[in-house]
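Structure file coords.tsv; described as TSV, C-alpha atoms and all ligand atoms.
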chain	number	residue	atom	x	y	z
A	1	MET	CA	26.12	3.16	-17.69
A	2	ARG	CA	23.06	2.59	-15.52
A	3	MET	CA	21.80	5.72	-13.82
A	4	ARG	CA	21.71	5.81	-10.03
A	5	THR	CA	18.08	6.07	-9.10
A	6	GLY	CA	15.68	5.10	-6.39
A	7	ILE	CA	14.02	6.63	-3.37
A	8	ALA	CA	15.74	9.74	-2.03
A	9	SER	CA	13.10	10.60	0.55
A	10	LEU	CA	10.09	8.83	2.02
A	11	ALA	CA	7.28	10.07	4.26
A	12	ILE	CA	3.92	8.92	5.59
A	13	GLN	CA	0.82	10.82	6.63
A	14	LEU	CA	-1.91	9.21	8.72
A	15	PRO	CA	-5.32	10.71	9.45
A	16	SER	CA	-6.09	11.91	12.96
A	17	ARG	CA	-8.65	9.38	14.19
A	18	VAL	CA	-8.62	5.66	14.91
A	19	LEU	CA	-11.14	2.93	15.73
A	20	ASP	CA	-10.30	-0.44	17.29
A	21	VAL	CA	-11.76	-3.28	15.18
A	22	ARG	CA	-12.92	-4.95	18.41
A	23	ASP	CA	-15.18	-1.95	19.08
A	24	LEU	CA	-16.53	-2.22	15.54
A	25	ALA	CA	-17.19	-5.93	16.09
A	26	THR	CA	-19.17	-5.22	19.26
A	27	LEU	CA	-21.16	-2.51	17.45
A	28	ARG	CA	-22.06	-4.96	14.68
A	29	GLY	CA	-22.79	-7.86	17.07
A	30	ILE	CA	-19.88	-9.94	15.73
A	31	ASP	CA	-17.31	-11.93	17.73
A	32	PRO	CA	-14.22	-9.64	17.89
A	33	ASP	CA	-12.03	-12.71	17.28
A	34	LYS	CA	-13.38	-12.84	13.74
A	35	PHE	CA	-11.80	-9.46	12.99
A	36	THR	CA	-8.59	-9.90	15.02
A	37	LYS	CA	-7.84	-13.60	14.56
A	38	GLY	CA	-9.99	-14.45	11.53
A	39	LEU	CA	-8.86	-11.46	9.44
A	40	GLY	CA	-5.74	-10.40	11.36
A	41	CYS	CA	-6.92	-6.78	11.68
A	42	GLY	CA	-6.14	-4.36	14.54
A	43	GLU	CA	-7.02	-0.71	14.05
A	44	ILE	CA	-8.77	1.40	11.41
A	45	ALA	CA	-7.31	4.83	10.61
A	46	LEU	CA	-10.14	7.30	9.95
A	47	CYS	CA	-10.28	10.85	8.66
A	48	SER	CA	-11.78	13.72	10.62
A	49	ASP	CA	-14.19	16.03	8.82
A	50	ASP	CA	-11.22	18.23	7.81
A	51	GLU	CA	-9.24	15.39	6.23
A	52	ASN	CA	-9.51	13.54	2.95
A	53	VAL	CA	-7.37	11.90	0.28
A	54	VAL	CA	-5.95	15.29	-0.76
A	55	THR	CA	-4.92	16.44	2.73
A	56	LEU	CA	-3.28	13.05	3.33
A	57	ALA	CA	-1.38	13.24	0.02
A	58	ALA	CA	-0.35	16.85	0.66
A	59	GLY	CA	0.82	16.05	4.20
A	60	ALA	CA	2.98	13.16	3.07
A	61	ALA	CA	4.35	15.15	0.11
A	62	LYS	CA	5.32	18.10	2.29
A	63	ARG	CA	7.17	15.83	4.69
A	64	ALA	CA	8.99	13.99	1.89
A	65	ILE	CA	10.07	17.23	0.19
A	66	ALA	CA	11.24	18.77	3.49
A	67	ARG	CA	13.37	15.73	4.33
A	68	TRP	CA	14.76	15.52	0.79
A	69	GLY	CA	16.04	19.07	1.19
A	70	GLY	CA	16.23	19.67	-2.57
A	71	ASP	CA	14.82	22.60	-4.52
A	72	VAL	CA	11.21	22.07	-5.66
A	73	LYS	CA	12.25	23.62	-8.98
A	74	ASP	CA	14.19	20.39	-9.57
A	75	ILE	CA	10.97	18.31	-9.49
A	76	GLY	CA	10.00	17.44	-13.08
A	77	LEU	CA	7.23	14.91	-12.44
A	78	VAL	CA	4.35	14.83	-9.94
A	79	VAL	CA	2.19	11.71	-9.87
A	80	VAL	CA	-0.48	10.59	-7.42
A	81	GLY	CA	-1.68	6.99	-7.43
A	82	SER	CA	-5.11	6.53	-5.86
A	83	GLU	CA	-8.47	4.88	-6.12
A	84	THR	CA	-10.22	7.60	-4.09
A	85	ALA	CA	-10.99	9.79	-7.10
A	86	GLN	CA	-12.03	13.38	-6.40
A	87	ASP	CA	-13.04	14.12	-9.96
A	88	MET	CA	-13.45	12.23	-13.23
A	89	SER	CA	-11.20	14.67	-15.05
A	90	ARG	CA	-8.97	16.76	-12.77
A	91	PRO	CA	-6.10	14.65	-11.45
A	92	LEU	CA	-5.42	14.26	-7.76
A	93	SER	CA	-1.91	15.55	-8.49
A	94	ALA	CA	-3.49	18.96	-9.28
A	95	PHE	CA	-5.53	18.96	-6.06
A	96	MET	CA	-2.38	18.05	-4.14
A	97	ALA	CA	-0.17	20.58	-5.92
A	98	GLU	CA	-2.71	23.27	-5.12
A	99	ALA	CA	-2.64	22.28	-1.45
A	100	ILE	CA	1.15	22.50	-1.23
A	101	GLY	CA	1.59	25.46	-3.60
A	102	LEU	CA	3.52	23.65	-6.34
A	103	GLU	CA	3.64	24.92	-9.90
A	104	GLY	CA	6.27	24.98	-12.56
A	105	ALA	CA	8.08	22.90	-15.18
A	106	TYR	CA	6.75	19.49	-14.25
A	107	ARG	CA	4.45	16.84	-15.74
A	108	SER	CA	1.45	16.12	-13.51
A	109	TYR	CA	-1.05	13.27	-13.58
A	110	GLU	CA	-2.97	10.65	-11.59
A	111	THR	CA	-2.60	6.88	-11.98
A	112	LYS	CA	-5.40	4.43	-11.31
A	113	HIS	CA	-5.37	0.69	-11.05
A	114	ALA	CA	-7.08	0.06	-7.70
A	115	CYS	CA	-4.42	-0.63	-5.02
A	116	TYR	CA	-1.71	-1.05	-7.69
A	117	GLY	CA	-1.97	2.62	-8.76
A	118	GLY	CA	0.77	3.87	-6.41
A	119	THR	CA	3.20	1.21	-7.57
A	120	VAL	CA	2.52	2.12	-11.20
A	121	ALA	CA	3.29	5.76	-10.35
A	122	LEU	CA	6.53	4.80	-8.62
A	123	ARG	CA	7.60	2.53	-11.49
A	124	GLN	CA	6.93	5.26	-14.04
A	125	ALA	CA	9.01	7.74	-12.07
A	126	LEU	CA	11.92	5.28	-11.79
A	127	GLU	CA	11.75	4.41	-15.49
A	128	TRP	CA	11.43	8.10	-16.47
A	129	ARG	CA	14.66	8.80	-14.62
A	130	ALA	CA	16.41	5.73	-15.98
A	131	SER	CA	15.39	6.59	-19.56
A	132	GLY	CA	17.24	9.89	-19.40
A	133	ALA	CA	14.05	11.85	-20.17
A	134	ALA	CA	14.18	13.35	-16.66
A	135	ARG	CA	17.48	15.11	-17.46
A	136	GLY	CA	18.46	14.66	-13.83
A	137	LYS	CA	15.24	16.05	-12.38
A	138	ALA	CA	13.46	14.41	-9.44
A	139	ALA	CA	9.92	13.00	-9.25
A	140	LEU	CA	7.38	13.41	-6.47
A	141	VAL	CA	5.25	10.27	-6.21
A	142	VAL	CA	2.39	9.85	-3.74
A	143	ALA	CA	0.11	6.90	-2.97
A	144	SER	CA	-2.92	8.15	-1.06
A	145	ASP	CA	-6.29	6.61	-0.25
A	146	VAL	CA	-9.28	6.58	2.06
A	147	ALA	CA	-10.70	3.06	2.20
A	148	LEU	CA	-14.31	3.02	3.35
A	149	TYR	CA	-16.95	0.38	2.72
A	150	ALA	CA	-20.69	0.75	3.15
A	151	PRO	CA	-21.65	0.47	6.85
A	152	LYS	CA	-22.19	-3.21	7.80
A	153	ASP	CA	-20.41	-4.42	4.64
A	154	PRO	CA	-18.26	-7.51	5.42
A	155	GLY	CA	-15.26	-5.42	4.35
A	156	GLU	CA	-15.93	-2.80	7.07
A	157	PRO	CA	-13.24	-4.15	9.47
A	158	THR	CA	-10.67	-3.82	6.66
A	159	GLN	CA	-11.11	-0.04	6.25
A	160	GLY	CA	-8.26	2.43	6.73
A	161	ALA	CA	-6.59	5.52	5.29
A	162	GLY	CA	-3.15	6.99	4.75
A	163	ALA	CA	-0.58	8.26	2.29
A	164	VAL	CA	3.03	7.46	1.47
A	165	ALA	CA	5.14	9.94	-0.52
A	166	PHE	CA	8.46	9.44	-2.25
A	167	VAL	CA	10.97	11.71	-3.87
A	168	VAL	CA	12.52	9.61	-6.63
A	169	GLU	CA	16.07	10.68	-7.30
A	170	GLU	CA	19.34	9.52	-5.68
A	171	PRO	CA	18.85	6.11	-3.99
A	172	THR	CA	19.68	7.26	-0.47
A	173	VAL	CA	16.68	5.59	1.18
A	174	ALA	CA	16.52	2.64	-1.23
A	175	SER	CA	17.47	1.64	-4.73
A	176	VAL	CA	14.83	-0.17	-6.74
A	177	ASP	CA	15.85	-2.73	-9.37
A	178	LEU	CA	14.74	-1.78	-12.85
A	179	GLU	CA	13.80	-5.38	-13.56
A	180	SER	CA	10.38	-6.20	-12.12
A	181	TYR	CA	7.88	-9.03	-12.56
A	182	ALA	CA	4.29	-8.27	-13.56
A	183	TRP	CA	1.12	-10.29	-14.14
A	184	SER	CA	-2.31	-8.97	-15.13
A	185	GLU	CA	-5.71	-10.45	-15.91
A	186	PRO	CA	-8.86	-8.48	-16.73
A	187	VAL	CA	-11.46	-9.44	-14.08
A	188	PHE	CA	-14.13	-7.80	-11.93
A	189	ASP	CA	-13.10	-8.71	-8.38
A	190	PHE	CA	-13.40	-5.25	-6.77
A	191	TRP	CA	-14.61	-2.13	-8.53
A	192	ARG	CA	-16.44	1.14	-7.91
A	193	PRO	CA	-18.79	2.22	-10.72
A	194	VAL	CA	-18.97	5.90	-11.61
A	195	GLY	CA	-21.29	7.72	-9.23
A	196	GLU	CA	-21.12	5.11	-6.48
A	197	SER	CA	-19.47	5.89	-3.15
A	198	PHE	CA	-18.38	2.42	-2.10
A	199	PRO	CA	-16.71	-0.49	-3.85
A	200	ARG	CA	-18.44	-3.61	-5.00
A	201	VAL	CA	-16.44	-6.69	-4.07
A	202	ASP	CA	-16.44	-10.32	-5.07
A	203	GLY	CA	-14.39	-11.39	-2.04
A	204	PRO	CA	-13.66	-15.03	-2.97
A	205	LEU	CA	-12.67	-14.03	-6.53
A	206	SER	CA	-10.45	-11.29	-5.14
A	207	LEU	CA	-8.66	-13.77	-2.90
A	208	ASP	CA	-8.17	-16.19	-5.82
A	209	CYS	CA	-6.78	-13.47	-8.09
A	210	TYR	CA	-4.45	-12.19	-5.38
A	211	ASN	CA	-3.10	-15.70	-4.77
A	212	ARG	CA	-2.60	-16.35	-8.46
A	213	GLY	CA	-0.94	-12.98	-9.08
A	214	ALA	CA	1.43	-13.49	-6.13
A	215	LEU	CA	2.44	-16.95	-7.36
A	216	ARG	CA	2.95	-15.78	-10.97
A	217	CYS	CA	5.11	-12.84	-9.90
A	218	PHE	CA	7.25	-14.70	-7.36
A	219	GLN	CA	7.69	-17.57	-9.84
A	220	GLN	CA	9.00	-15.12	-12.47
A	221	LEU	CA	11.46	-13.71	-9.95
A	222	ALA	CA	12.48	-17.23	-8.88
A	223	ASP	CA	12.99	-18.25	-12.52
A	224	ALA	CA	15.01	-15.14	-13.33
A	225	ARG	CA	17.32	-15.18	-10.32
A	226	PHE	CA	17.03	-18.33	-8.22
A	227	GLY	CA	16.83	-21.23	-10.67
A	228	GLY	CA	13.07	-21.44	-10.22
A	229	ASP	CA	13.38	-22.21	-6.49
A	230	LEU	CA	10.65	-20.33	-4.59
A	231	GLU	CA	11.97	-21.29	-1.16
A	232	ALA	CA	15.42	-19.95	-2.05
A	233	THR	CA	13.74	-16.79	-3.31
A	234	PHE	CA	11.98	-16.16	0.02
A	235	GLU	CA	15.12	-17.13	1.94
A	236	HIS	CA	17.23	-14.65	-0.03
A	237	PHE	CA	15.31	-11.52	0.91
A	238	ALA	CA	15.40	-10.14	4.44
A	239	ALA	CA	11.68	-9.47	4.05
A	240	SER	CA	8.93	-9.92	1.50
A	241	CYS	CA	6.32	-7.16	1.75
A	242	PHE	CA	2.85	-7.60	0.29
A	243	HIS	CA	-0.12	-5.40	-0.44
A	244	VAL	CA	-2.17	-5.77	2.75
A	245	PRO	CA	-5.97	-5.55	2.33
A	246	PHE	CA	-6.01	-7.45	5.65
A	247	PRO	CA	-3.21	-9.61	7.05
A	248	LYS	CA	-5.01	-12.97	6.66
A	249	MET	CA	-5.18	-12.38	2.88
A	250	VAL	CA	-1.38	-12.15	2.80
A	251	LYS	CA	-1.02	-15.29	4.92
A	252	LYS	CA	-3.29	-17.16	2.49
A	253	ALA	CA	-1.17	-16.04	-0.46
A	254	VAL	CA	2.02	-17.34	1.16
A	255	ARG	CA	0.22	-20.61	1.92
A	256	HIS	CA	-0.86	-20.80	-1.74
A	257	ILE	CA	2.69	-20.24	-2.96
A	258	GLY	CA	3.90	-22.91	-0.52
A	259	GLU	CA	1.29	-25.41	-1.70
A	260	GLN	CA	2.24	-24.88	-5.35
A	261	ALA	CA	5.93	-25.10	-4.52
A	262	GLY	CA	5.47	-28.26	-2.45
A	263	TRP	CA	6.68	-26.79	0.86
A	264	ASP	CA	5.80	-28.69	3.99
A	265	GLU	CA	3.76	-26.89	6.68
A	266	ALA	CA	6.83	-26.12	8.77
A	267	THR	CA	8.55	-24.40	5.84
A	268	THR	CA	5.49	-22.29	5.07
A	269	ALA	CA	5.10	-21.34	8.74
A	270	ARG	CA	8.80	-20.47	9.05
A	271	LEU	CA	8.94	-18.33	5.92
A	272	TYR	CA	5.67	-16.57	6.72
A	273	GLY	CA	6.66	-16.04	10.36
A	274	THR	CA	10.15	-14.71	9.68
A	275	LYS	CA	9.94	-12.99	6.30
A	276	VAL	CA	6.34	-11.80	5.88
A	277	ASP	CA	4.33	-11.47	9.10
A	278	PRO	CA	6.81	-9.00	10.71
A	279	THR	CA	6.33	-6.63	7.76
A	280	MET	CA	2.68	-5.94	8.64
A	281	GLY	CA	2.99	-4.24	12.04
A	282	TRP	CA	2.23	-0.76	10.68
A	283	ASN	CA	-0.58	-2.10	8.50
A	284	ARG	CA	-2.29	-3.49	11.62
A	285	GLN	CA	-2.26	0.05	13.07
A	286	VAL	CA	-3.66	1.66	9.91
A	287	GLY	CA	-5.94	-0.84	8.20
A	288	ASN	CA	-6.16	-1.00	4.43
A	289	SER	CA	-4.87	2.19	2.85
A	290	TYR	CA	-5.26	0.76	-0.68
A	291	THR	CA	-2.42	2.20	-2.83
A	292	ALA	CA	-0.41	3.12	0.27
A	293	ALA	CA	-0.75	-0.25	2.05
A	294	LEU	CA	2.18	-2.04	0.39
A	295	TRP	CA	4.37	1.03	0.83
A	296	MET	CA	3.52	1.32	4.57
A	297	SER	CA	4.85	-2.21	4.87
A	298	VAL	CA	7.97	-1.41	2.84
A	299	ALA	CA	8.53	1.79	4.85
A	300	SER	CA	8.33	-0.15	8.13
A	301	VAL	CA	10.97	-2.64	6.93
A	302	LEU	CA	13.29	0.01	5.51
A	303	ALA	CA	13.22	2.01	8.77
A	304	GLY	CA	16.31	0.90	10.66
A	305	ALA	CA	17.55	-1.47	7.94
A	306	ASP	CA	21.28	-1.81	7.35
A	307	GLU	CA	22.50	-0.48	4.02
A	308	GLY	CA	22.27	-3.24	1.40
A	309	THR	CA	19.37	-5.08	3.05
A	310	GLU	CA	17.31	-6.58	0.23
A	311	LEU	CA	13.54	-6.81	0.20
A	312	ALA	CA	10.81	-7.84	-2.19
A	313	ALA	CA	7.55	-5.88	-2.59
A	314	PHE	CA	4.45	-7.46	-4.12
A	315	SER	CA	1.79	-5.05	-5.38
A	316	TYR	CA	-1.79	-6.11	-6.14
A	317	GLY	CA	-4.57	-4.02	-7.62
A	318	SER	CA	-8.00	-5.39	-8.33
A	319	GLY	CA	-9.05	-5.56	-11.87
A	320	PHE	CA	-6.37	-7.17	-11.74
A	321	GLY	CA	-2.75	-6.06	-12.03
A	322	THR	CA	0.22	-7.23	-10.00
A	323	GLU	CA	3.92	-6.45	-9.96
A	324	LEU	CA	6.81	-7.66	-7.83
A	325	LEU	CA	9.64	-5.20	-7.17
A	326	THR	CA	12.98	-5.76	-5.48
A	327	LEU	CA	14.68	-3.07	-3.42
A	328	ARG	CA	17.90	-2.56	-1.52
A	329	ALA	CA	18.16	-0.28	1.54
A	330	GLY	CA	20.32	2.80	1.07
A	331	PRO	CA	22.43	4.69	3.63
A	332	ALA	CA	19.49	6.77	4.95
A	333	ALA	CA	17.39	3.71	5.80
A	334	LYS	CA	19.22	3.01	9.06
A	335	GLU	CA	18.13	6.35	10.54
A	336	GLY	CA	14.60	5.79	9.14
A	337	ALA	CA	13.41	9.31	9.93
A	338	TRP	CA	9.86	8.54	8.69
A	339	ALA	CA	9.38	6.02	11.53
A	340	ALA	CA	9.30	8.82	14.12
A	341	GLU	CA	6.66	10.63	12.04
A	342	PHE	CA	4.58	7.47	11.80
A	343	GLU	CA	4.84	6.90	15.55
A	344	ALA	CA	3.95	10.54	16.28
A	345	ASP	CA	0.89	10.34	14.00
A	346	VAL	CA	-0.18	7.14	15.79
A	347	ALA	CA	0.37	8.66	19.24
A	348	ASP	CA	-1.55	11.83	18.37
A	349	ARG	CA	-4.63	10.09	16.99
A	350	GLU	CA	-8.01	10.56	18.62
A	351	ARG	CA	-9.41	7.16	19.57
A	352	ILE	CA	-13.10	7.16	18.81
A	353	ASP	CA	-15.64	4.77	20.24
A	354	ALA	CA	-18.18	2.75	18.29
A	355	SER	CA	-21.09	5.13	18.83
A	356	THR	CA	-19.02	8.11	17.57
A	357	TYR	CA	-18.06	6.04	14.54
A	358	GLU	CA	-21.66	5.07	13.86
A	359	ALA	CA	-22.85	8.67	14.13
A	360	TRP	CA	-20.07	9.80	11.78
A	361	ARG	CA	-20.99	7.14	9.21
A	362	THR	CA	-24.57	8.33	9.33
A	363	VAL	CA	-23.80	12.00	8.68
A	364	ARG	CA	-20.81	11.45	6.37
A	365	PRO	CA	-21.45	8.26	4.47
A	366	VAL	CA	-19.47	9.07	1.32
A	367	ALA	CA	-15.84	7.96	1.04
A	368	ALA	CA	-14.29	10.64	-1.10
A	369	GLU	CA	-15.85	13.85	0.24
B	1	LIG	N1	-13.08	-16.36	15.57
B	1	LIG	C1	-12.00	-16.51	14.78
B	1	LIG	N2	-12.05	-16.55	13.41
B	1	LIG	C2	-13.25	-16.40	12.85
B	1	LIG	C3	-14.42	-16.25	13.62
B	1	LIG	C4	-14.30	-16.23	15.03
B	1	LIG	N3	-15.36	-16.07	15.84
B	1	LIG	N4	-15.47	-16.13	12.78
B	1	LIG	C5	-14.98	-16.22	11.52
B	1	LIG	N5	-13.64	-16.39	11.58
B	1	LIG	C6	-12.71	-16.50	10.44
B	1	LIG	C7	-13.22	-17.37	9.33
B	1	LIG	O1	-13.01	-18.73	9.61
B	1	LIG	C8	-12.39	-16.85	8.18
B	1	LIG	O2	-11.08	-17.39	8.27
B	1	LIG	P1	-10.46	-18.22	7.03
B	1	LIG	O3	-10.61	-17.35	5.85
B	1	LIG	O4	-9.07	-18.47	7.45
B	1	LIG	O5	-11.30	-19.45	6.93
B	1	LIG	C9	-12.27	-15.36	8.48
B	1	LIG	O6	-12.58	-15.21	9.86
B	1	LIG	C10	-13.19	-14.49	7.66
B	1	LIG	O7	-14.47	-15.00	7.77
B	1	LIG	P2	-15.47	-14.96	6.50
B	1	LIG	O8	-16.75	-15.57	6.94
B	1	LIG	O9	-14.78	-15.53	5.31
B	1	LIG	O10	-15.62	-13.39	6.35
B	1	LIG	P3	-16.67	-12.57	5.53
B	1	LIG	O11	-17.51	-13.43	4.64
B	1	LIG	O12	-17.35	-11.68	6.50
B	1	LIG	O13	-15.73	-11.70	4.52
B	1	LIG	C11	-13.80	-10.41	3.98
B	1	LIG	C12	-14.84	-10.72	5.04
B	1	LIG	C13	-12.99	-9.21	4.46
B	1	LIG	C14	-12.91	-11.62	3.78
B	1	LIG	C15	-14.53	-10.07	2.66
B	1	LIG	O14	-15.38	-8.99	2.86
B	1	LIG	C16	-13.59	-9.72	1.54
B	1	LIG	O15	-13.08	-10.61	0.86
B	1	LIG	N6	-13.37	-8.43	1.33
B	1	LIG	C17	-12.63	-7.85	0.25
B	1	LIG	C18	-11.29	-8.35	0.05
B	1	LIG	C19	-10.48	-7.26	-0.53
B	1	LIG	O16	-10.16	-6.32	0.17
B	1	LIG	N7	-10.20	-7.32	-1.84
B	1	LIG	C20	-9.47	-6.30	-2.47
B	1	LIG	C21	-8.08	-6.64	-2.54
B	1	LIG	S1	-7.17	-5.24	-2.98

Just give me the structure of the file as structure tokens.
Amino acid sequence: MRMRTGIASLAIQLPSRVLDVRDLATLRGIDPDKFTKGLGCGEIALCSDDENVVTLAAGAAKRAIARWGGDVKDIGLVVVGSETAQDMSRPLSAFMAEAIGLEGAYRSYETKHACYGGTVALRQALEWRASGAARGKAALVVASDVALYAPKDPGEPTQGAGAVAFVVEEPTVASVDLESYAWSEPVFDFWRPVGESFPRVDGPLSLDCYNRGALRCFQQLADARFGGDLEATFEHFAASCFHVPFPKMVKKAVRHIGEQAGWDEATTARLYGTKVDPTMGWNRQVGNSYTAALWMSVASVLAGADEGTELAAFSYGSGFGTELLTLRAGPAAKEGAWAAEFEADVADRERIDASTYEAWRTVRPVAAE
């Protein structure tokens, strides 16, 4: 008998400051349309001096545990997926557990595979429960990141920060299918060498890898469940969420899938416009939150969804590893309690201007501090 498992509780934590990409464009002497229309970006969530990847993870975890309502003694696994490493040895899960006062009979570790690290953590928690090794215990899984590029880097408008936390147990928020569709290739498209504060990026290679990974994963899903028909695959799901480094990258991936599948332009535009573009509203308010970005998109779709609503979730991590998951909304999705938290975090943010941002980058240039 297959065990009931999935997401029992979900929560988001955003940092307390925000910068409009149009202000960044003006600061850098660039046409704002490049950032808004060319890349599809909107706002960049930024940490204050009191915030970092640990406080974001801890904030999301606390909210997820509180809403779950279970006993923390019943948590047997604590995993944090991130690419904002605090230490080469001590896992972020230990930093986070310290911040929320969690100790006991649980396994604790950090997962890393660029932006795919949070998905790996979630998959491991689901499979741990399904294997029976969990003996009924729950898992706390958090995807948390602070995405900062060097000042003036072309990636600067795609910065962001945030965390998404899950309690993996009964599938009240969503069930996640145990079958998933992965594709990996060892490349250097985006990496951060030890001792360096900011990533190195081969942008065009990254876009190519992302497109190829998306096609390979969706084709495997189409072959397994929809007779190889990619259009039927996209039609089937109420929404297809993607990892969102910036929205134009997602649009290009859908176009790539359409070109390979032989869709006409109207079909690509319809599927992108109805199934994909509406999933990125929260991402446009946050920017790239690396491991959390896909799950912000998924959280936005699940909030208010009728029970049984099916969605697909495509995860990409540079290096590169991809995996396509399929989910079904549970009974708690309709209420979507995390949406009010997201909106409150957005409403409470301090909007900083370009000169404040520039001064902050000068005194605090390092991403992970
Ligand atoms: N008005 C409207 N659009 C404009 C414009 C303007 N004034 N000026 C430029 N654009 C468009 C370009 O035509 C281009 O659109 P297209 O790609 O549809 O052709 C887009 O804006 C970007 O311009 P480009 O010159 O390619 O940007 P760039 O060289 O400054 O690179 C990034 C910016 C973000 C694409 C690049 O830094 C990058 O690839 N970053 C990393 C990607 C990533 O995050 N990888 C990790 C994945 S997890």

#### Entry: Cut-off 8 Å, all atoms listed in the file, neighbours of ligand LIG 1 (chain B) as a PyMOL selection string
chain A and resi 30-39+114-115+153-158+189-190+201-204+206-207+210+243-246+248-249+252+288+290+316-318

Nearest residue to Ala97 in chain A out of A:Gly59, A:Arg255, A:Trp128, A:Trp68, using only C-alpha atoms?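 Between A:Gly59, A:Arg255, A:Trp128, A:Trp68, the residue approaching Ala97 in chain A most closely is A:Gly59.
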
Practice task
Would you mind listing what lies within 8 Å of Pro247 in chain A as number ranges by chain, with all atoms listed in the file counted and same-chain residues fewer than 3 positions away left out?
Solution key: A: 39-41, 244, 250-251, 280, 284

| said: For a cutoff of 7 Å around the file-coordinate point (2.9, -12.7, -8.7), which residues qualify once you count all atoms listed in the file? I'd like the result as a ChimeraX atom specification. | reply: /A:182-183,212-219,322-324

Can you spit out the residues from that selection as a PDB file, in the frame of the given file, using C-alpha atoms?
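Dumped everything to out_35.pdb:
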ATOM      1  CA  ALA A 182       4.290  -8.270 -13.560  1.00  0.00           C
ATOM      2  CA  TRP A 183       1.120 -10.290 -14.140  1.00  0.00           C
ATOM      3  CA  ARG A 212      -2.600 -16.350  -8.460  1.00  0.00           C
ATOM      4  CA  GLY A 213      -0.940 -12.980  -9.080  1.00  0.00           C
ATOM      5  CA  ALA A 214       1.430 -13.490  -6.130  1.00  0.00           C
ATOM      6  CA  LEU A 215       2.440 -16.950  -7.360  1.00  0.00           C
ATOM      7  CA  ARG A 216       2.950 -15.780 -10.970  1.00  0.00           C
ATOM      8  CA  CYS A 217       5.110 -12.840  -9.900  1.00  0.00           C
ATOM      9  CA  PHE A 218       7.250 -14.700  -7.360  1.00  0.00           C
ATOM     10  CA  GLN A 219       7.690 -17.570  -9.840  1.00  0.00           C
ATOM     11  CA  THR A 322       0.220  -7.230 -10.000  1.00  0.00           C
ATOM     12  CA  GLU A 323       3.920  -6.450  -9.960  1.00  0.00           C
ATOM     13  CA  LEU A 324       6.810  -7.660  -7.830  1.00  0.00           C
TER      14      LEU A 324
END

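With distances restricted to all atoms listed in the file, A:Ala138 is the closest residue to Tyr106 in chain A from A:Ala163, A:Ala138, A:Leu27, A:Ala329.
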
Pairwise distance, CA of Gly258 in chain A with CA of Phe320 in chain A, equals 21.9 Å

Practice task
For each of A:Val187, A:Ala66, A:Leu56, A:Leu271, take the minimum atom-to-atom distance to Trp338 in chain A, counting all atoms listed in the file, then give the residue where this is smallest.
Solution key: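 Closest residue, counting all atoms listed in the file: A:Ala66.
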
(Q) If I take CA of Val53 in chain A and CA of Ser82 in chain A, how far is one from the other in Å, to one decimal? (A)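 Distance between the two atoms: 8.5 Å.
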
Fewer than 2 positions away in the same chain doesn't count, so skip those; otherwise give me all residues within 8 Å of Leu148 in chain A, counting all atoms listed in the file, as a PDB file with C-alpha atoms, in the coordinates of the input.
ATOM      1  CA  VAL A 146      -9.280   6.580   2.060  1.00  0.00           C
ATOM      2  CA  ALA A 150     -20.690   0.750   3.150  1.00  0.00           C
ATOM      3  CA  GLU A 156     -15.930  -2.800   7.070  1.00  0.00           C
ATOM      4  CA  GLN A 159     -11.110  -0.040   6.250  1.00  0.00           C
ATOM      5  CA  GLY A 160      -8.260   2.430   6.730  1.00  0.00           C
ATOM      6  CA  PHE A 198     -18.380   2.420  -2.100  1.00  0.00           C
ATOM      7  CA  ALA A 367     -15.840   7.960   1.040  1.00  0.00           C
TER       8      ALA A 367
END

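Across A:His256, A:Phe342, A:Gly162, A:Glu231, the tightest approach to Asp208 in chain A is made by A:His256 when counting only C-alpha atoms.
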
Pairwise distance, CA of Asp306 in chain A with CA of Lys275 in chain A, equals 16.0 Å

- Query: From the set A:Thr84, A:Ser9, A:Asn283, A:Ser108, which residue has the shortest atom-to-atom contact distance to Asn52 in chain A, counting only C-alpha atoms?
  - Reply: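 Distance minimum relative to Asn52 in chain A lands on A:Thr84.
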
### Message
Could you list, as a list of chain:residue names, every residue within 8 Å of Thr111 in chain A, counting all atoms listed in the file and ignoring same-chain residues fewer than 3 positions away?
### Response
A:Val79, A:Val80, A:Gly81, A:Ser82, A:Gly117, A:Gly118, A:Val120, A:Ala121

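Considering the residues A:Val21, A:Glu259, A:Ser16, A:Asp223 and counting all atoms listed in the file, Glu51 in chain A has its shortest atom-to-atom contact with A:Ser16.
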
When you look at Leu327 in chain A with a cut-off of 7 Å (counting all atoms listed in the file), what residues show up, excluding the ones that are within fewer than 6 positions of it in the same chain? I need them as a PyMOL selection string. chain A and resi 174-177+310-312

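The residue set within 10 Å of Ala332 in chain A, counting only C-alpha atoms and dropping same-chain residues fewer than 5 places from it, reads Ile7, Ala8, Ser9, Pro171, Thr172, Val173, Ala174, Leu302, Ala303, Gly304, Ala305, Asp306, Glu307 and Ala337 of chain A.
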
Coordinates of box centre and edge lengths for range 94-111 of chain A, 8 Å on every side, axis-aligned, as AutoDock Vina command-line options:
--center_x 1.3 --center_y 16.2 --center_z -8.5 --size_x 29.6 --size_y 34.6 --size_z 30.5
